[in-house]
Structure formats: structure tokens, C-alpha cells
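S.K.: Contents of coords-v3.cif (mmCIF, C-alpha atoms):
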```cif
data_my_file
loop_
_atom_site.group_PDB
_atom_site.id
_atom_site.type_symbol
_atom_site.label_atom_id
_atom_site.label_comp_id
_atom_site.auth_asym_id
_atom_site.auth_seq_id
_atom_site.Cartn_x
_atom_site.Cartn_y
_atom_site.Cartn_z
ATOM 1 C CA ALA A 1065 -77.499 42.322 -87.519
ATOM 2 C CA ARG A 1066 -80.455 44.497 -86.530
ATOM 3 C CA MET A 1067 -82.318 43.805 -83.281
ATOM 4 C CA GLU A 1068 -86.063 44.110 -82.786
ATOM 5 C CA HIS A 1069 -87.646 43.550 -79.351
ATOM 6 C CA LYS A 1070 -91.148 42.066 -79.031
ATOM 7 C CA GLY A 1071 -92.046 41.139 -75.472
ATOM 8 C CA PHE A 1072 -89.426 38.768 -74.085
ATOM 9 C CA ILE A 1073 -88.241 37.702 -77.537
ATOM 10 C CA THR A 1074 -85.498 39.535 -79.418
ATOM 11 C CA PHE A 1075 -85.470 39.083 -83.178
ATOM 12 C CA TYR A 1076 -82.223 39.439 -85.081
ATOM 13 C CA LYS A 1077 -82.586 40.435 -88.725
ATOM 14 C CA PHE A 1078 -79.770 39.862 -91.199
ATOM 15 C CA SER A 1079 -79.427 41.372 -94.602
ATOM 16 C CA VAL A 1080 -76.996 40.843 -97.424
ATOM 17 C CA THR A 1081 -74.060 43.234 -97.056
ATOM 18 C CA GLU A 1082 -71.824 44.838 -99.650
ATOM 19 C CA GLU A 1083 -69.144 42.293 -98.811
ATOM 20 C CA MET A 1084 -71.372 39.422 -99.931
ATOM 21 C CA LYS A 1085 -70.012 37.767 -103.044
ATOM 22 C CA SER A 1086 -73.338 36.314 -104.073
ATOM 23 C CA GLU A 1087 -76.792 37.458 -103.051
ATOM 24 C CA PHE A 1088 -78.069 34.453 -105.024
ATOM 25 C CA GLU A 1089 -76.237 31.982 -102.742
ATOM 26 C CA TRP A 1090 -77.324 33.906 -99.607
ATOM 27 C CA ASN A 1091 -80.977 33.734 -100.707
ATOM 28 C CA ARG A 1092 -80.671 30.011 -101.458
ATOM 29 C CA MET A 1093 -79.213 29.427 -97.985
ATOM 30 C CA MET A 1094 -82.010 31.363 -96.245
ATOM 31 C CA ALA A 1095 -84.631 29.560 -98.361
ATOM 32 C CA GLN A 1096 -83.273 26.194 -97.155
ATOM 33 C CA GLN A 1097 -82.033 25.232 -100.590
ATOM 34 C CA LEU A 1098 -78.742 23.687 -101.631
ATOM 35 C CA TYR A 1099 -75.996 26.339 -101.697
ATOM 36 C CA SER A 1100 -72.227 26.704 -101.488
ATOM 37 C CA PRO A 1101 -70.994 28.141 -98.150
ATOM 38 C CA TYR A 1102 -67.874 29.432 -99.930
ATOM 39 C CA LYS A 1103 -69.912 31.536 -102.353
ATOM 40 C CA VAL A 1104 -72.123 33.227 -99.759
ATOM 41 C CA GLY A 1105 -69.454 35.865 -99.366
ATOM 42 C CA ASP A 1106 -68.827 36.015 -95.655
ATOM 43 C CA ASP A 1107 -66.000 34.236 -93.895
ATOM 44 C CA SER A 1108 -68.091 32.945 -90.988
ATOM 45 C CA TRP A 1109 -67.756 29.291 -92.003
ATOM 46 C CA GLU A 1110 -63.965 29.423 -92.152
ATOM 47 C CA ARG A 1111 -63.635 31.504 -88.961
ATOM 48 C CA VAL A 1112 -65.861 29.331 -86.763
ATOM 49 C CA HIS A 1113 -64.319 26.089 -88.028
ATOM 50 C CA ALA A 1114 -60.804 27.312 -87.227
ATOM 51 C CA ALA A 1115 -61.892 28.546 -83.773
ATOM 52 C CA GLN A 1116 -63.866 25.400 -82.904
ATOM 53 C CA LYS A 1117 -60.943 23.186 -83.958
ATOM 54 C CA LYS A 1118 -58.670 25.130 -81.599
ATOM 55 C CA PHE A 1119 -61.275 24.949 -78.801
ATOM 56 C CA ASN A 1120 -61.986 21.233 -79.315
ATOM 57 C CA GLU A 1121 -58.256 20.437 -79.084
ATOM 58 C CA SER A 1122 -57.634 22.719 -76.094
ATOM 59 C CA GLU A 1123 -57.310 21.907 -72.411
ATOM 60 C CA PHE A 1124 -60.224 24.237 -71.689
ATOM 61 C CA TRP A 1125 -60.226 23.490 -67.966
ATOM 62 C CA HIS A 1126 -56.742 25.073 -67.678
ATOM 63 C CA ASP A 1127 -56.891 27.782 -70.324
ATOM 64 C CA SER A 1128 -60.012 29.637 -71.472
ATOM 65 C CA SER A 1129 -58.338 31.535 -74.338
ATOM 66 C CA ALA A 1130 -59.674 29.112 -76.976
ATOM 67 C CA LEU A 1131 -63.235 29.561 -75.666
ATOM 68 C CA GLU A 1132 -62.817 33.353 -75.702
ATOM 69 C CA GLU A 1133 -61.686 33.164 -79.338
ATOM 70 C CA LEU A 1134 -64.670 30.947 -80.218
ATOM 71 C CA LYS A 1135 -67.071 33.380 -78.508
ATOM 72 C CA LYS A 1136 -65.991 36.090 -80.972
ATOM 73 C CA CYS A 1137 -67.541 34.012 -83.771
ATOM 74 C CA PHE A 1138 -71.052 34.034 -82.266
ATOM 75 C CA GLY A 1139 -73.839 36.543 -82.825
ATOM 76 C CA LYS A 1140 -74.016 36.927 -79.038
ATOM 77 C CA ALA A 1141 -71.936 35.191 -76.376
ATOM 78 C CA THR A 1142 -72.273 36.013 -72.702
ATOM 79 C CA GLU A 1143 -69.491 36.118 -70.144
ATOM 80 C CA ASN A 1144 -71.084 33.337 -68.072
ATOM 81 C CA MET A 1145 -71.693 30.782 -70.828
ATOM 82 C CA VAL A 1146 -70.004 27.372 -70.598
ATOM 83 C CA LEU A 1147 -69.272 25.018 -73.483
ATOM 84 C CA THR A 1148 -67.653 21.607 -73.034
ATOM 85 C CA PRO A 1149 -65.702 20.339 -76.052
ATOM 86 C CA PRO A 1150 -66.210 19.096 -78.597
ATOM 87 C CA VAL A 1151 -68.668 21.570 -80.136
ATOM 88 C CA TYR A 1152 -69.618 22.019 -83.789
ATOM 89 C CA PHE A 1153 -71.205 24.966 -85.619
ATOM 90 C CA ASP A 1154 -71.633 25.760 -89.299
ATOM 91 C CA HIS A 1155 -71.317 29.549 -89.103
ATOM 92 C CA GLY A 1156 -71.484 30.691 -85.487
ATOM 93 C CA ASP A 1157 -72.543 34.269 -86.240
ATOM 94 C CA ARG A 1158 -76.165 33.106 -86.414
ATOM 95 C CA VAL A 1159 -76.115 31.667 -82.864
ATOM 96 C CA PHE A 1160 -77.177 33.929 -79.980
ATOM 97 C CA PHE A 1161 -76.666 32.712 -76.404
ATOM 98 C CA GLY A 1162 -78.577 34.063 -73.393
ATOM 99 C CA GLU A 1163 -77.275 34.418 -69.854
ATOM 100 C CA HIS A 1164 -76.174 31.285 -67.972
ATOM 101 C CA PHE A 1165 -76.004 28.967 -71.001
ATOM 102 C CA TYR A 1166 -74.404 25.546 -70.438
ATOM 103 C CA ALA A 1167 -73.768 22.857 -73.059
ATOM 104 C CA ASN A 1168 -72.290 19.516 -72.150
ATOM 105 C CA THR A 1169 -70.020 17.646 -74.523
ATOM 106 C CA ASP A 1170 -70.678 17.236 -78.267
ATOM 107 C CA LEU A 1171 -73.076 20.131 -78.919
ATOM 108 C CA THR A 1172 -73.805 20.350 -82.661
ATOM 109 C CA ILE A 1173 -75.703 23.272 -84.171
ATOM 110 C CA LEU A 1174 -76.346 23.501 -87.902
ATOM 111 C CA ASP A 1175 -76.958 27.228 -87.922
ATOM 112 C CA GLU A 1176 -77.894 27.949 -91.502
ATOM 113 C CA ASN A 1177 -80.410 30.377 -90.048
ATOM 114 C CA ASN A 1178 -80.694 32.122 -86.666
ATOM 115 C CA VAL A 1179 -80.572 30.049 -83.467
ATOM 116 C CA ILE A 1180 -81.478 32.017 -80.331
ATOM 117 C CA PHE A 1181 -81.226 30.634 -76.800
ATOM 118 C CA GLY A 1182 -82.936 32.313 -73.861
ATOM 119 C CA ASP A 1183 -81.477 32.627 -70.370
ATOM 120 C CA ASN A 1184 -80.764 29.678 -68.041
ATOM 121 C CA VAL A 1185 -80.525 27.001 -70.758
ATOM 122 C CA PHE A 1186 -78.875 23.620 -70.131
ATOM 123 C CA LYS A 1187 -78.119 21.363 -73.105
ATOM 124 C CA ALA A 1188 -77.350 17.699 -72.415
ATOM 125 C CA CYS A 1189 -74.603 15.544 -73.946
ATOM 126 C CA TYR A 1190 -74.776 14.785 -77.663
ATOM 127 C CA ASP A 1191 -77.422 17.419 -78.358
ATOM 128 C CA ARG A 1192 -77.913 18.264 -82.020
ATOM 129 C CA LEU A 1193 -79.935 21.100 -83.464
ATOM 130 C CA GLY A 1194 -80.603 21.354 -87.171
ATOM 131 C CA CYS A 1195 -81.795 24.906 -87.616
ATOM 132 C CA LEU A 1196 -82.649 25.488 -91.212
ATOM 133 C CA ASP A 1197 -85.504 27.748 -90.179
ATOM 134 C CA TRP A 1198 -85.688 30.324 -87.398
ATOM 135 C CA TRP A 1199 -85.588 28.594 -84.012
ATOM 136 C CA LYS A 1200 -86.116 29.850 -80.479
ATOM 137 C CA CYS A 1201 -85.569 28.165 -77.130
ATOM 138 C CA SER A 1202 -87.248 30.157 -74.386
ATOM 139 C CA ASN A 1203 -86.590 29.668 -70.686
ATOM 140 C CA GLN A 1204 -89.959 31.233 -69.845
ATOM 141 C CA SER A 1205 -91.962 28.346 -71.297
ATOM 142 C CA ARG A 1206 -89.286 25.652 -71.629
ATOM 143 C CA SER A 1207 -90.610 25.102 -75.142
ATOM 144 C CA TYR A 1208 -89.191 24.995 -78.627
ATOM 145 C CA TYR A 1209 -90.814 27.199 -81.246
ATOM 146 C CA TRP A 1210 -90.456 26.655 -84.973
ATOM 147 C CA LYS A 1211 -91.613 29.344 -87.321
#
```
Please rewrite the model in this file as C-alpha cells.

M.R.:
Amino acid sequence: ARMEHKGFITFYKFSVTEEMKSEFEWNRMMAQQLYSPYKVGDDSWERVHAAQKKFNESEFWHDSSALEELKKCFGKATENMVLTPPVYFDHGDRVFFGEHFYANTDLTILDENNVIFGDNVFKACYDRLGCLDWWKCSNQSRSYYWK
């Protein structure tokens, strides 16, 4: 991922890497078309699903190791973020959390494209985000922006 700063917004740009099995499938995914997650070529789908299963079945209030493992799957995860199981992500590496992020139970993010949260964000129970296009939640304006 390459970062580009413009004011208070940070843009993350992704490009197809050498490890990608199919640039065709990657382009279909980014164009919001039907695609196979197994043919995109990265292992993000498998990694985040294994980590979220472990986290969702954990006793997170006693042991934070499952959350720490899940954080490794994200594009950016801060030390002070809090997630309450269960949580669901498609890829994880396209989700970027700001400082002091809190999500109550049953957070679902369909992150087929980048999802970027600003600082001091609180997500209520049963919150679902379908992010097929670039999405930004900014704490400065408390608004949602769709490109």
C-alpha cells in the first residue's frame, strides 16, 4: 500500500503485485463486478477469516491474543482500538482504523475496497458497512463520504 496525505485525509493506494494470480480478477473486484476471491491471488480472505473465527470464539475479556492476531490482518490497526466479538470482514487488509476506534458487537465490513476510519470513532451494535467503493468516516465532520 502507498500512502498519500491530503489535508486531514490519508489515501491508501493499492496496486496489483507480482504475487497476484490474476490481474483480471483484481480489476473485476475493484470495478465492483462479480469475481472469485480465491483467484485474486492474495491470501487476505483466508487469513482474516481464520483470525476472525479465532477471535469470535475467544474469551477476549481474559485474553487479548486473538485480537492481536486479528489486528495483523488489517491495513492499519492501532494499539488502543477495541472490537467486541463477533466481527466479520471479507479481507481485512483494506480496513484502516484510526486512534481510539471502538466497535460494539456484530460489526460487519464488506471491504472489497478501502475502508478508512478516522480517530475517535464509535460503532454501535449490529453495524454493517458494505464498501464496494472507497469509503471514509471522518471524525472532523462526523460525516460519511462516498466517492

S.K.: Return the single residue from A:Val1146, A:Val1104, A:Phe1124, A:Asp1157 that is closest to Asn1091 of chain A, with distances computed using all atoms listed in the file.

M.R.: A:Val1104

S.K.: When you count only C-alpha atoms, which of these residues is closest to Asp1183 of chain A: A:Gly1156, A:Gly1162, A:Pro1101, A:Pro1150?

M.R.: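 Of A:Gly1156, A:Gly1162, A:Pro1101, A:Pro1150, the one nearest Asp1183 of chain A, counting only C-alpha atoms, is A:Gly1162.
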
S.K.: Any idea what's packed within 7 Å of Tyr1166 of chain A, counting all atoms listed in the file, ignoring anything in its chain fewer than 3 positions away? Could you give it as a list of chain:residue names?

M.R.: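 Final neighbour list, sorted by chain and number: A:Met1145, A:Val1146, A:Leu1147, A:Val1185, A:Phe1186, A:Lys1187.
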
S.K.: Name the residues within 8 Å of (-75.8, 34.3, -83.3), counting all atoms listed in the file in the file's coordinates, and put them as a short mmCIF file (atom, residue, chain, number, x, y, z; two decimals) with C-alpha atoms, keeping the file's coordinate frame.

M.R.:
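Full text of part-v4.cif as output:
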```cif
data_model
loop_
_atom_site.label_atom_id
_atom_site.label_comp_id
_atom_site.auth_asym_id
_atom_site.auth_seq_id
_atom_site.Cartn_x
_atom_site.Cartn_y
_atom_site.Cartn_z
CA PHE A 1138 -71.05 34.03 -82.27
CA GLY A 1139 -73.84 36.54 -82.82
CA LYS A 1140 -74.02 36.93 -79.04
CA ALA A 1141 -71.94 35.19 -76.38
CA GLY A 1156 -71.48 30.69 -85.49
CA ASP A 1157 -72.54 34.27 -86.24
CA ARG A 1158 -76.17 33.11 -86.41
CA VAL A 1159 -76.11 31.67 -82.86
CA PHE A 1160 -77.18 33.93 -79.98
CA PHE A 1161 -76.67 32.71 -76.40
CA ASN A 1178 -80.69 32.12 -86.67
CA VAL A 1179 -80.57 30.05 -83.47
CA ILE A 1180 -81.48 32.02 -80.33
#
```

S.K.: Nearest residue to Glu1133 of chain A out of A:Val1151, A:Ala1114, A:Met1093, A:Cys1189, using all atoms listed in the file?

M.R.: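 Distance minimum relative to Glu1133 of chain A lands on A:Ala1114.
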
S.K.: Applying 12 Å and all atoms listed in the file, which residues near His1113 of chain A remain after dropping the ones on its own chain fewer than 3 positions away? List them as a PyMOL selection string.

M.R.: chain A and resi 1107-1110+1116-1120+1133-1134+1137-1138+1150-1157

S.K.: Counting only C-alpha atoms, write as a list in words all protein and nucleic acid residues lying at most 6 Å from (-70.5, 19.5, -76.3) in the file's frame.

M.R.: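 Applying the cut-off with only C-alpha atoms, one gets Thr1148, Pro1149, Pro1150, Val1151, Ala1167, Asn1168, Thr1169, Asp1170 and Leu1171 of chain A.
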
S.K.: Can you spell out as a PyMOL selection string the set of residues that the PyMOL selection byres ((chain A and resi 1100) around 12) selects in the structure I just provided?

M.R.: chain A and resi 1085-1093+1096-1099+1101-1106+1109+1176

S.K.: What does the distance between atom CA of Thr1172 of chain A and atom CA of Glu1132 of chain A come to in Å, to one decimal place?

M.R.: 18.4 Å

S.K.: Around segment 1090-1108 of chain A, with edges along x, y and z and 3 Å added on all six sides, what centre and edge lengths do you get, in Å to one decimal, as JSON?

M.R.:
```
{"center_x": -75.3, "center_y": 29.9, "center_z": -96.7, "size_x": 24.6, "size_y": 18.3, "size_z": 17.4}
```
